[in-house]
>>> print(open('entry.cif').read())   # mmCIF, C-alpha atoms
data_input
loop_
_atom_site.label_atom_id
_atom_site.label_comp_id
_atom_site.auth_asym_id
_atom_site.auth_seq_id
_atom_site.Cartn_x
_atom_site.Cartn_y
_atom_site.Cartn_z
CA MET A 769 124.48 102.16 97.49
CA PHE A 770 121.46 99.87 97.35
CA VAL A 771 120.14 98.70 100.73
CA ASP A 772 116.85 96.84 100.91
CA GLU A 773 116.65 95.84 104.60
CA ALA A 774 116.93 97.86 107.81
CA THR A 775 115.84 97.82 111.44
CA ILE A 776 114.85 101.09 113.09
CA GLU A 777 113.28 102.28 116.32
CA VAL A 778 110.54 104.92 116.27
CA ARG A 779 109.45 106.90 119.31
CA ALA A 780 106.52 109.26 119.32
CA GLY A 781 106.61 112.25 121.66
CA ASN A 782 105.14 112.14 125.16
CA GLY A 783 102.26 114.42 125.97
CA GLY A 784 103.06 117.40 128.21
CA ASP A 785 101.89 117.41 131.83
CA GLY A 786 98.93 119.48 132.92
CA ARG A 787 99.66 122.35 135.33
CA VAL A 788 98.43 122.95 138.87
CA SER A 789 98.20 126.72 139.24
CA PHE A 790 96.02 129.40 140.85
CA ARG A 791 95.53 132.99 139.90
CA ARG A 792 97.49 135.35 142.11
CA ALA A 793 96.95 138.96 141.12
CA LYS A 794 96.29 142.29 142.77
CA HIS A 795 92.91 142.22 144.47
CA GLN A 796 92.75 138.47 143.70
CA PRO A 797 94.90 136.87 146.39
CA LYS A 798 92.86 133.68 146.23
CA GLY A 799 91.94 133.38 142.58
CA GLY A 800 90.61 130.20 141.09
CA PRO A 801 92.52 127.45 139.30
CA ASP A 802 94.18 128.45 136.05
CA GLY A 803 96.49 125.52 135.24
CA GLY A 804 96.70 124.88 131.50
CA ASP A 805 96.67 121.59 129.62
CA GLY A 806 99.83 119.96 128.31
CA GLY A 807 100.47 119.79 124.58
CA ASP A 808 100.14 116.59 122.57
CA GLY A 809 103.29 114.71 121.66
CA GLY A 810 104.32 114.53 118.02
CA SER A 811 103.72 111.36 116.01
CA VAL A 812 106.11 109.43 113.77
CA ILE A 813 104.72 109.37 110.24
CA LEU A 814 105.94 107.21 107.35
CA VAL A 815 105.64 108.74 103.88
CA ALA A 816 106.32 106.97 100.57
CA ASP A 817 108.53 109.17 98.38
CA ASP A 818 108.74 108.29 94.68
CA GLY A 819 112.21 109.83 94.54
CA LEU A 820 113.71 107.12 96.76
CA ASN A 821 114.66 103.55 95.82
CA THR A 822 116.91 102.42 98.66
CA LEU A 823 116.95 102.17 102.47
CA TYR A 824 120.53 103.43 102.62
CA ASP A 825 119.66 106.40 104.88
CA PHE A 826 118.62 104.02 107.65
CA ARG A 827 122.01 102.34 107.99
CA GLY A 828 123.44 105.20 110.03
CA THR A 829 120.30 106.46 111.75
CA ARG A 830 118.56 103.84 113.84
CA LEU A 831 116.42 106.01 116.13
CA TRP A 832 113.70 108.28 114.74
CA LYS A 833 111.74 110.24 117.32
CA ALA A 834 109.20 113.02 117.41
CA GLU A 835 109.09 115.97 119.83
CA HIS A 836 107.47 115.85 123.27
CA GLY A 837 104.53 118.09 124.01
CA GLY A 838 105.11 121.15 126.20
CA HIS A 839 103.83 121.30 129.78
CA GLY A 840 100.80 123.41 130.60
CA GLY A 841 101.40 126.85 132.12
CA PRO A 842 99.62 129.30 134.44
CA ASN A 843 96.89 131.59 133.18
CA ASN A 844 95.43 128.59 131.29
CA ARG A 845 98.35 128.54 128.88
CA HIS A 846 98.25 125.41 126.77
CA GLY A 847 101.54 123.59 126.27
CA ALA A 848 102.94 123.54 122.73
CA ASN A 849 102.19 120.45 120.67
CA GLY A 850 105.28 118.46 119.69
CA ASN A 851 106.29 118.43 116.05
CA ASP A 852 105.70 115.22 114.12
CA ARG A 853 108.69 113.30 112.73
CA VAL A 854 108.21 112.47 109.06
CA VAL A 855 110.23 109.48 107.82
CA THR A 856 110.42 109.16 104.03
CA LEU A 857 110.68 105.67 102.55
CA PRO A 858 110.72 104.33 98.99
CA PRO A 859 107.43 102.94 97.66
CA GLY A 860 107.37 99.18 98.02
CA THR A 861 108.67 99.20 101.60
CA ILE A 862 106.98 96.67 103.86
CA VAL A 863 107.06 97.56 107.56
CA PHE A 864 107.08 94.69 110.08
CA ASP A 865 106.80 94.70 113.86
CA HIS A 866 110.19 93.41 115.01
CA GLU A 867 108.75 91.30 117.83
CA THR A 868 105.58 89.82 116.32
CA LYS A 869 106.67 89.92 112.63
CA GLU A 870 103.22 91.33 111.85
CA ILE A 871 102.98 93.49 108.72
CA LEU A 872 102.06 96.98 109.90
CA CYS A 873 101.89 98.62 106.47
CA ASP A 874 102.89 98.12 102.85
CA LEU A 875 103.76 101.53 101.45
CA ARG A 876 102.65 102.55 97.99
CA SER A 877 103.28 105.78 96.14
CA ASN A 878 102.30 108.87 98.21
CA ASP A 879 101.04 106.80 101.16
CA ARG A 880 101.17 108.51 104.55
CA VAL A 881 100.91 106.29 107.65
CA VAL A 882 101.05 107.23 111.34
CA ILE A 883 103.23 104.39 112.62
CA ALA A 884 103.69 105.67 116.21
CA ARG A 885 101.09 108.00 117.71
CA GLY A 886 102.07 110.78 120.07
CA GLY A 887 100.78 110.86 123.64
CA ARG A 888 97.84 113.11 124.59
CA GLY A 889 98.64 116.08 126.77
CA GLY A 890 97.51 115.96 130.40
CA ARG A 891 94.72 118.22 131.63
CA GLY A 892 95.49 121.09 133.99
CA ASN A 893 93.69 121.72 137.26
CA ASP A 894 91.39 124.26 135.63
CA TYR A 895 89.63 121.31 134.00
CA PHE A 896 88.75 119.74 137.37
CA LYS A 897 87.09 122.73 139.04
CA SER A 898 83.47 122.33 140.03
CA ALA A 899 80.91 123.76 142.40
CA THR A 900 81.97 121.28 145.05
CA ASN A 901 85.71 121.48 144.34
CA GLN A 902 86.65 125.07 143.62
CA THR A 903 90.35 124.61 144.35
CA PRO A 904 91.37 121.34 142.68
CA ARG A 905 95.01 120.53 143.33
CA LYS A 906 95.46 117.80 140.79
CA ALA A 907 96.45 117.69 137.14
CA GLU A 908 97.04 114.85 134.74
CA PRO A 909 100.44 113.76 133.52
CA GLY A 910 100.84 113.50 129.78
CA GLU A 911 100.45 110.14 128.09
CA ARG A 912 103.55 108.41 126.82
CA GLY A 913 103.98 108.24 123.08
CA GLU A 914 104.16 104.91 121.28
CA ALA A 915 107.54 103.31 120.73
CA LYS A 916 108.16 100.47 118.26
CA LEU A 917 111.03 98.50 116.82
CA LEU A 918 110.46 98.03 113.11
CA ASN A 919 111.93 95.87 110.38
CA LEU A 920 111.92 97.51 106.94
CA GLU A 921 112.03 95.42 103.80
CA LEU A 922 112.08 97.01 100.37
CA ARG A 923 110.58 95.23 97.40
CA LEU A 924 111.06 97.27 94.27
CA ILE A 925 107.97 98.27 92.32
CA ALA A 926 108.52 98.19 88.57
CA ASP A 927 106.54 97.51 85.43
CA VAL A 928 109.11 95.08 84.06
CA GLY A 929 111.61 92.88 85.87
CA LEU A 930 114.68 91.75 83.90
CA ILE A 931 115.70 88.23 84.85
CA GLY A 932 118.25 85.80 83.51
CA LYS A 933 121.56 84.11 84.12
CA PRO A 934 124.65 86.14 85.02
CA ASN A 935 126.09 87.87 81.94
CA ALA A 936 122.92 87.34 79.91
CA GLY A 937 123.05 90.98 78.83
CA LYS A 938 120.49 92.50 81.20
CA SER A 939 122.69 95.38 82.36
CA THR A 940 123.60 96.28 78.79
CA LEU A 941 119.92 96.42 77.81
CA LEU A 942 119.10 98.55 80.85
CA SER A 943 121.90 101.00 80.10
CA VAL A 944 120.80 101.37 76.47
CA LEU A 945 117.08 101.68 77.21
CA THR A 946 117.33 103.99 80.23
CA ARG A 947 119.63 106.47 81.92
CA ALA A 948 120.61 103.90 84.51
CA ASP A 949 124.34 103.23 84.84
CA PRO A 950 124.71 99.61 85.93
CA LYS A 951 128.11 97.97 86.13
CA ILE A 952 128.84 95.97 82.98
CA GLY A 953 131.58 93.35 82.65
CA SER A 954 132.43 90.03 81.08
CA TYR A 955 132.37 88.12 84.36
CA PRO A 956 129.50 86.78 86.50
CA PHE A 957 127.69 88.93 89.06
CA THR A 958 128.72 92.32 87.73
CA THR A 959 125.34 93.51 89.07
CA LEU A 960 125.32 93.12 92.84
CA SER A 961 122.07 94.94 93.54
CA PRO A 962 118.80 95.64 91.70
CA GLN A 963 118.97 98.59 89.30
CA LEU A 964 116.02 100.77 88.30
CA GLY A 965 115.61 102.72 85.09
CA ILE A 966 112.85 104.38 83.06
CA ALA A 967 112.54 103.48 79.39
CA GLU A 968 110.63 105.75 77.02
CA VAL A 969 108.47 103.90 74.50
CA ASP A 970 107.69 107.35 73.14
CA THR A 971 107.29 110.84 74.62
CA ARG A 972 104.07 109.90 76.46
CA ARG A 973 104.67 106.26 77.34
CA ARG A 974 107.21 105.11 79.89
CA LEU A 975 108.12 101.83 81.52
CA VAL A 976 109.94 101.35 84.82
CA LEU A 977 112.50 98.56 84.41
CA ALA A 978 114.25 96.69 87.23
CA ASP A 979 117.41 94.71 86.51
CA ILE A 980 117.45 91.86 89.03
CA PRO A 981 120.91 90.37 89.75
CA GLY A 982 121.69 87.17 87.87
CA LEU A 983 120.15 84.02 89.24
CA ILE A 984 121.80 80.62 89.41
CA GLU A 985 120.68 77.11 90.25
CA GLY A 986 119.79 76.91 93.92
CA ALA A 987 118.87 80.59 94.19
CA ALA A 988 115.59 79.75 95.92
CA GLU A 989 117.65 78.10 98.71
CA GLY A 990 120.03 81.03 98.96
CA ALA A 991 122.75 80.16 96.44
CA GLY A 992 124.52 83.05 94.77
CA LEU A 993 122.71 86.40 94.91
CA GLY A 994 119.30 85.09 93.95
CA HIS A 995 117.64 84.45 97.30
CA GLU A 996 118.38 87.97 98.50
CA PHE A 997 116.77 89.61 95.47
CA LEU A 998 114.12 87.17 94.24
CA ARG A 999 111.53 89.02 96.31
CA HIS A 1000 112.00 92.13 94.16
CA ILE A 1001 110.56 90.28 91.15
CA GLU A 1002 107.28 89.80 93.05
CA ARG A 1003 106.38 93.48 92.62
CA THR A 1004 106.92 93.57 88.86
CA ARG A 1005 104.00 93.20 86.47
CA VAL A 1006 105.83 91.54 83.59
CA LEU A 1007 109.02 89.46 83.43
CA LEU A 1008 111.54 90.12 80.65
CA HIS A 1009 113.57 86.93 80.50
CA VAL A 1010 116.93 87.68 78.90
CA VAL A 1011 118.65 84.60 77.46
CA ASP A 1012 122.20 84.67 76.12
CA ALA A 1013 122.09 83.46 72.51
CA CYS A 1014 125.79 82.55 72.67
CA PRO A 1015 126.59 81.27 76.18
CA ASN A 1016 130.29 81.22 77.08
CA ASP A 1017 129.96 77.82 78.73
CA ASP A 1018 128.97 76.14 75.43
CA THR A 1019 125.59 75.08 76.82
CA ALA A 1020 122.39 75.52 74.84
CA PRO A 1021 120.37 78.71 75.50
CA ILE A 1022 117.34 76.57 76.38
CA GLU A 1023 119.25 75.16 79.37
CA HIS A 1024 119.74 78.67 80.72
CA TYR A 1025 116.06 79.43 80.24
CA ARG A 1026 115.03 76.19 81.93
CA ALA A 1027 117.29 76.79 84.95
CA ILE A 1028 115.80 80.21 85.67
CA ARG A 1029 112.23 78.99 85.23
CA GLU A 1030 112.84 76.17 87.70
CA GLU A 1031 114.16 78.62 90.27
CA LEU A 1032 111.12 80.88 89.83
CA MET A 1033 108.76 77.95 90.26
CA HIS A 1034 110.66 76.71 93.29
CA TYR A 1035 110.53 80.13 94.92
CA SER A 1036 106.88 80.89 94.13
CA ALA A 1037 104.41 79.28 91.75
CA GLN A 1038 102.52 82.57 91.60
CA LEU A 1039 105.70 84.37 90.57
CA ALA A 1040 106.37 81.83 87.82
CA GLU A 1041 102.91 82.52 86.36
CA LYS A 1042 103.59 86.21 85.70
CA PRO A 1043 103.37 87.30 82.05
CA GLU A 1044 106.76 86.73 80.45
CA LEU A 1045 108.49 87.94 77.32
CA VAL A 1046 111.66 86.09 76.30
CA VAL A 1047 114.43 87.83 74.36
CA LEU A 1048 117.54 86.25 72.88
CA SER A 1049 120.31 88.74 73.54
CA LYS A 1050 123.72 89.40 71.97
CA MET A 1051 122.41 88.80 68.44
CA ASP A 1052 125.22 91.04 67.16
CA LEU A 1053 127.64 88.13 67.76
CA PHE A 1054 126.21 86.21 64.78
CA ASP A 1055 127.78 86.68 61.37
CA ASP A 1056 124.64 87.33 59.33
CA ASP A 1057 120.84 87.53 59.37
CA GLN A 1058 120.44 83.88 58.42
CA ALA A 1059 122.48 82.76 61.42
CA ARG A 1060 120.42 84.98 63.69
CA GLU A 1061 117.15 83.65 62.30
CA ASP A 1062 118.36 80.06 62.66
CA ALA A 1063 119.26 80.71 66.32
CA VAL A 1064 115.78 82.06 67.07
CA LYS A 1065 114.08 79.16 65.26
CA SER A 1066 116.15 76.63 67.17
CA PHE A 1067 115.41 78.22 70.52
CA SER A 1068 111.69 78.57 69.75
CA ARG A 1069 111.44 74.90 68.83
CA ALA A 1070 113.16 73.98 72.09
CA LEU A 1071 110.65 76.11 73.99
CA ARG A 1072 107.73 74.29 72.38
CA VAL A 1073 109.26 70.97 73.39
CA GLU A 1074 109.31 72.33 76.95
CA GLY A 1075 105.60 73.06 76.58
CA ALA A 1076 106.10 76.84 76.70
CA THR A 1077 104.16 79.19 74.45
CA THR A 1078 106.26 82.21 75.38
CA GLU A 1079 107.11 84.75 72.70
CA VAL A 1080 110.73 85.12 71.60
CA LEU A 1081 112.29 88.33 70.31
CA PRO A 1082 115.89 88.71 69.07
CA VAL A 1083 117.67 91.76 70.50
CA SER A 1084 121.10 93.33 70.81
CA GLY A 1085 122.04 95.99 73.33
CA VAL A 1086 125.13 96.83 71.25
CA THR A 1087 123.38 97.47 67.91
CA SER A 1088 119.91 98.24 69.36
CA GLN A 1089 118.40 95.53 67.18
CA GLY A 1090 114.86 94.63 68.20
CA LEU A 1091 114.64 97.09 71.11
CA VAL A 1092 111.75 99.15 69.71
CA PRO A 1093 109.50 96.09 69.05
CA MET A 1094 110.48 94.76 72.47
CA LEU A 1095 109.38 97.96 74.24
CA GLU A 1096 106.12 98.05 72.28
CA ARG A 1097 105.37 94.47 73.26
CA LEU A 1098 106.20 95.13 76.89
CA TRP A 1099 103.92 98.17 76.89
CA THR A 1100 101.10 96.01 75.55
CA MET A 1101 101.72 93.34 78.18
CA VAL A 1102 101.87 95.83 81.04
CA GLY A 1103 98.68 97.57 79.94
CA THR A 1104 96.71 94.53 78.80
CA PRO A 1105 98.51 91.32 79.80
CA SER A 1106 95.97 89.11 78.06
CA VAL A 1107 96.59 90.64 74.61
CA LYS A 1108 98.85 88.61 72.31
CA THR A 1109 100.80 89.93 69.34
CA ASP A 1110 103.10 88.23 66.89
CA ALA A 1111 106.80 88.25 67.65
CA TRP A 1112 109.39 86.65 65.38
CA SER A 1113 107.74 84.61 62.67
CA VAL A 1114 109.15 81.10 62.89
CA GLN A 1115 108.83 78.65 60.07
CA ASP A 1116 109.71 75.05 60.86
#
>>> encode(input="entry.cif", output="C-alpha cells")
Amino acid sequence: MFVDEATIEVRAGNGGDGRVSFRRAKHQPKGGPDGGDGGDGGSVILVADDGLNTLYDFRGTRLWKAEHGGHGGPNNRHGANGNDRVVTLPPGTIVFDHETKEILCDLRSNDRVVIARGGRGGRGNDYFKSATNQTPRKAEPGERGEAKLLNLELRLIADVGLIGKPNAGKSTLLSVLTRADPKIGSYPFTTLSPQLGIAEVDTRRRLVLADIPGLIEGAAEGAGLGHEFLRHIERTRVLLHVVDACPNDDTAPIEHYRAIREELMHYSAQLAEKPELVVLSKMDLFDDDQAREDAVKSFSRALRVEGATTEVLPVSGVTSQGLVPMLERLWTMVGTPSVKTDAWSVQD
C-alpha cells in the first residue's frame, strides 16, 4: 500500500546518571571515590534506503525511541551506552518539524542523519576529586535525550514522470516497460497512488519511471487525485506526457494536452518548464498506418498553434509500437536535456 505522509515521534535515549561511590575493601575502610560515569543515550538516526518507496511502516508505529544509557557503577565502572535507533525511510522523504514546519532534512539515497541526539552520560564522583575535596559526594545526572514530533512527506525520485488524463494509457505503458504491476481498467482513476518501475533501455542503461495518478481540471486546487500527488512530479527530471489518441469523450487530444499543461502551470511554473516528451498512446486502435500518421500530423499541428515545440511520438502499449525510440529519447533527455533529436517526421 502506498503511503506518502506520516507523523511520528522520535525520542533519543537519556544519558545514565553518574555514581557516588567510595572504595570499601580490606585494609581500605576509607578508600577514595570510585563512582563511574553514566553511559550516553542512544540517538535516533534516519537512513535513506533505496529499497523503500512508501511510508506504510509508519502508519502503525508512531513512536520510535533509542535506548537510555546505563548508570555508572562502583569501581569506576562506566555505564553502558544506549543503542541507537535506526529508522529507514525511502529516498525523497522530506522531514519537517511538526511545530515550526521547518525542514529538518531532505533525504537522498544513502543519506544518514542524526535527527534526535542522545543525552550525555553524567559524571561520577571520581571526576570531582581534588586535593581540597578528597571525598566528593556529588555526581551528575545524565542529560535528557532530544524528543521531536516530525511530519514525513515522501516525494518520489524518478528519472521520468508519466503524466496525463485518466485512462490515457500510462499504466499500460508502465506495465509493458517495467515489472511494475499497476491496476489497469477502462474507467477513470484506476491508479490511486504513484507507481514506480525500472525500464531497461538496454542491459547497461536503466530509467526509473513514476506513473502519477491521472490529473483533471482543478487538480492544483485539490480536485480529483491530482493535488495529493502533483508534488511527486517535482522530483522527476523529465515529464512523459501521455495523450490518448482516441479519447472516449469525443474531445480532441489537444484539449487533453492543454488541460494538463494548465494544471502544471497553475501548480508550479518551474514544474511546467521541465523537459517534456509527448506521446500519442493507443495507436493500435487505428485501422492502418496512414490513419496513425494522419493522427500524429493533426496533433502536431495543433501543438504548434498552441506555441509548443514539444516532440510527439506515436506509441502503443498493446503492440509495443514506438516504445524503443521513446526510451532512447527519454535516455537522451535525462542525460543531456538540452540535446534535441528528431521524432516523427511531419509533413504539412
>>> resolve_selection(input="entry.cif", expression="the PyMOL selection byres ((chain A and resi 1007) around 8)", output="list in words")
Val928, Gly929, Leu930, Ile931, Ile1001, Thr1004, Arg1005, Val1006, Leu1008, His1009, Lys1042, Pro1043, Glu1044 and Leu1045 of chain A
>>> closest_residue(input="entry.cif", among="A:Asp879, A:Glu867, A:Asp825, A:Asp1012", to="Tyr1025 (chain A)", atoms="only C-alpha atoms")
A:Asp1012
>>> residues_around(input="entry.cif", residues="Leu1039 (chain A)", least_positions_apart="6", cutoff="9 Å", atoms="only C-alpha atoms", output="PDB file with C-alpha atoms, in the frame of the given file")
ATOM      1  CA  ILE A1001     110.560  90.280  91.150  1.00  0.00           C
ATOM      2  CA  GLU A1002     107.280  89.800  93.050  1.00  0.00           C
ATOM      3  CA  LEU A1032     111.120  80.880  89.830  1.00  0.00           C
ATOM      4  CA  MET A1033     108.760  77.950  90.260  1.00  0.00           C
TER       5      MET A1033
END
>>> resolve_selection(input="entry.cif", expression="the PyMOL selection byres ((chain A and resi 1086) around 9)", output="ChimeraX atom specification")
/A:940-941,944,1050-1052,1084-1085,1087-1089
>>> closest_residue(input="entry.cif", among="A:Leu918, A:Leu1095, A:Ile862, A:Ala848", to="Gly889 (chain A)", atoms="all atoms listed in the file")
A:Ala848
>>> build_atoms(input="entry.cif", residues="region 1018-1045 of chain A", atoms="N, CA and C atoms", output="PDB file, in the coordinates of the input")
ATOM      1  N   ASP A1018     129.275  77.100  76.498  1.00  0.00           N
ATOM      2  CA  ASP A1018     128.970  76.140  75.430  1.00  0.00           C
ATOM      3  C   ASP A1018     127.707  75.323  75.683  1.00  0.00           C
ATOM      4  N   THR A1019     126.880  75.748  76.625  1.00  0.00           N
ATOM      5  CA  THR A1019     125.590  75.080  76.820  1.00  0.00           C
ATOM      6  C   THR A1019     124.561  75.703  75.894  1.00  0.00           C
ATOM      7  N   ALA A1020     123.450  75.006  75.710  1.00  0.00           N
ATOM      8  CA  ALA A1020     122.390  75.520  74.840  1.00  0.00           C
ATOM      9  C   ALA A1020     121.606  76.606  75.571  1.00  0.00           C
ATOM     10  N   PRO A1021     121.161  77.643  74.861  1.00  0.00           N
ATOM     11  CA  PRO A1021     120.370  78.710  75.500  1.00  0.00           C
ATOM     12  C   PRO A1021     119.143  78.178  76.236  1.00  0.00           C
ATOM     13  N   ILE A1022     118.536  77.102  75.728  1.00  0.00           N
ATOM     14  CA  ILE A1022     117.340  76.570  76.380  1.00  0.00           C
ATOM     15  C   ILE A1022     117.648  76.074  77.791  1.00  0.00           C
ATOM     16  N   GLU A1023     118.876  75.608  78.033  1.00  0.00           N
ATOM     17  CA  GLU A1023     119.250  75.160  79.370  1.00  0.00           C
ATOM     18  C   GLU A1023     119.293  76.334  80.348  1.00  0.00           C
ATOM     19  N   HIS A1024     119.734  77.473  79.884  1.00  0.00           N
ATOM     20  CA  HIS A1024     119.740  78.670  80.720  1.00  0.00           C
ATOM     21  C   HIS A1024     118.314  79.089  81.041  1.00  0.00           C
ATOM     22  N   TYR A1025     117.465  79.072  80.025  1.00  0.00           N
ATOM     23  CA  TYR A1025     116.060  79.430  80.240  1.00  0.00           C
ATOM     24  C   TYR A1025     115.419  78.485  81.248  1.00  0.00           C
ATOM     25  N   ARG A1026     115.637  77.189  81.067  1.00  0.00           N
ATOM     26  CA  ARG A1026     115.030  76.190  81.930  1.00  0.00           C
ATOM     27  C   ARG A1026     115.476  76.364  83.388  1.00  0.00           C
ATOM     28  N   ALA A1027     116.762  76.646  83.590  1.00  0.00           N
ATOM     29  CA  ALA A1027     117.290  76.790  84.950  1.00  0.00           C
ATOM     30  C   ALA A1027     116.617  77.936  85.694  1.00  0.00           C
ATOM     31  N   ILE A1028     116.427  79.063  85.016  1.00  0.00           N
ATOM     32  CA  ILE A1028     115.800  80.210  85.670  1.00  0.00           C
ATOM     33  C   ILE A1028     114.330  79.934  85.953  1.00  0.00           C
ATOM     34  N   ARG A1029     113.645  79.302  85.011  1.00  0.00           N
ATOM     35  CA  ARG A1029     112.230  78.990  85.230  1.00  0.00           C
ATOM     36  C   ARG A1029     112.049  78.047  86.413  1.00  0.00           C
ATOM     37  N   GLU A1030     112.943  77.091  86.566  1.00  0.00           N
ATOM     38  CA  GLU A1030     112.840  76.170  87.700  1.00  0.00           C
ATOM     39  C   GLU A1030     113.033  76.905  89.022  1.00  0.00           C
ATOM     40  N   GLU A1031     113.943  77.866  89.038  1.00  0.00           N
ATOM     41  CA  GLU A1031     114.160  78.620  90.270  1.00  0.00           C
ATOM     42  C   GLU A1031     112.942  79.483  90.613  1.00  0.00           C
ATOM     43  N   LEU A1032     112.322  80.083  89.590  1.00  0.00           N
ATOM     44  CA  LEU A1032     111.120  80.880  89.830  1.00  0.00           C
ATOM     45  C   LEU A1032     109.998  80.011  90.389  1.00  0.00           C
ATOM     46  N   MET A1033     109.817  78.848  89.805  1.00  0.00           N
ATOM     47  CA  MET A1033     108.760  77.950  90.260  1.00  0.00           C
ATOM     48  C   MET A1033     109.025  77.462  91.679  1.00  0.00           C
ATOM     49  N   HIS A1034     110.293  77.186  91.965  1.00  0.00           N
ATOM     50  CA  HIS A1034     110.660  76.710  93.290  1.00  0.00           C
ATOM     51  C   HIS A1034     110.413  77.787  94.342  1.00  0.00           C
ATOM     52  N   TYR A1035     110.704  79.018  93.977  1.00  0.00           N
ATOM     53  CA  TYR A1035     110.530  80.130  94.920  1.00  0.00           C
ATOM     54  C   TYR A1035     109.059  80.464  95.126  1.00  0.00           C
ATOM     55  N   SER A1036     108.295  80.517  94.035  1.00  0.00           N
ATOM     56  CA  SER A1036     106.880  80.890  94.130  1.00  0.00           C
ATOM     57  C   SER A1036     106.170  80.532  92.833  1.00  0.00           C
ATOM     58  N   ALA A1037     105.181  79.653  92.935  1.00  0.00           N
ATOM     59  CA  ALA A1037     104.410  79.280  91.750  1.00  0.00           C
ATOM     60  C   ALA A1037     103.677  80.485  91.182  1.00  0.00           C
ATOM     61  N   GLN A1038     103.211  81.360  92.053  1.00  0.00           N
ATOM     62  CA  GLN A1038     102.520  82.570  91.600  1.00  0.00           C
ATOM     63  C   GLN A1038     103.465  83.479  90.824  1.00  0.00           C
ATOM     64  N   LEU A1039     104.709  83.561  91.280  1.00  0.00           N
ATOM     65  CA  LEU A1039     105.700  84.370  90.570  1.00  0.00           C
ATOM     66  C   LEU A1039     105.983  83.796  89.192  1.00  0.00           C
ATOM     67  N   ALA A1040     106.068  82.472  89.093  1.00  0.00           N
ATOM     68  CA  ALA A1040     106.370  81.830  87.820  1.00  0.00           C
ATOM     69  C   ALA A1040     105.253  82.008  86.797  1.00  0.00           C
ATOM     70  N   GLU A1041     104.049  82.355  87.257  1.00  0.00           N
ATOM     71  CA  GLU A1041     102.910  82.520  86.360  1.00  0.00           C
ATOM     72  C   GLU A1041     102.770  83.946  85.831  1.00  0.00           C
ATOM     73  N   LYS A1042     103.665  84.832  86.218  1.00  0.00           N
ATOM     74  CA  LYS A1042     103.590  86.210  85.700  1.00  0.00           C
ATOM     75  C   LYS A1042     103.764  86.221  84.186  1.00  0.00           C
ATOM     76  N   PRO A1043     103.150  87.185  83.499  1.00  0.00           N
ATOM     77  CA  PRO A1043     103.370  87.300  82.050  1.00  0.00           C
ATOM     78  C   PRO A1043     104.857  87.455  81.760  1.00  0.00           C
ATOM     79  N   GLU A1044     105.332  86.753  80.738  1.00  0.00           N
ATOM     80  CA  GLU A1044     106.760  86.730  80.450  1.00  0.00           C
ATOM     81  C   GLU A1044     107.008  86.946  78.966  1.00  0.00           C
ATOM     82  N   LEU A1045     108.003  87.770  78.671  1.00  0.00           N
ATOM     83  CA  LEU A1045     108.490  87.940  77.320  1.00  0.00           C
ATOM     84  C   LEU A1045     109.950  87.490  77.307  1.00  0.00           C
TER      85      LEU A1045
END
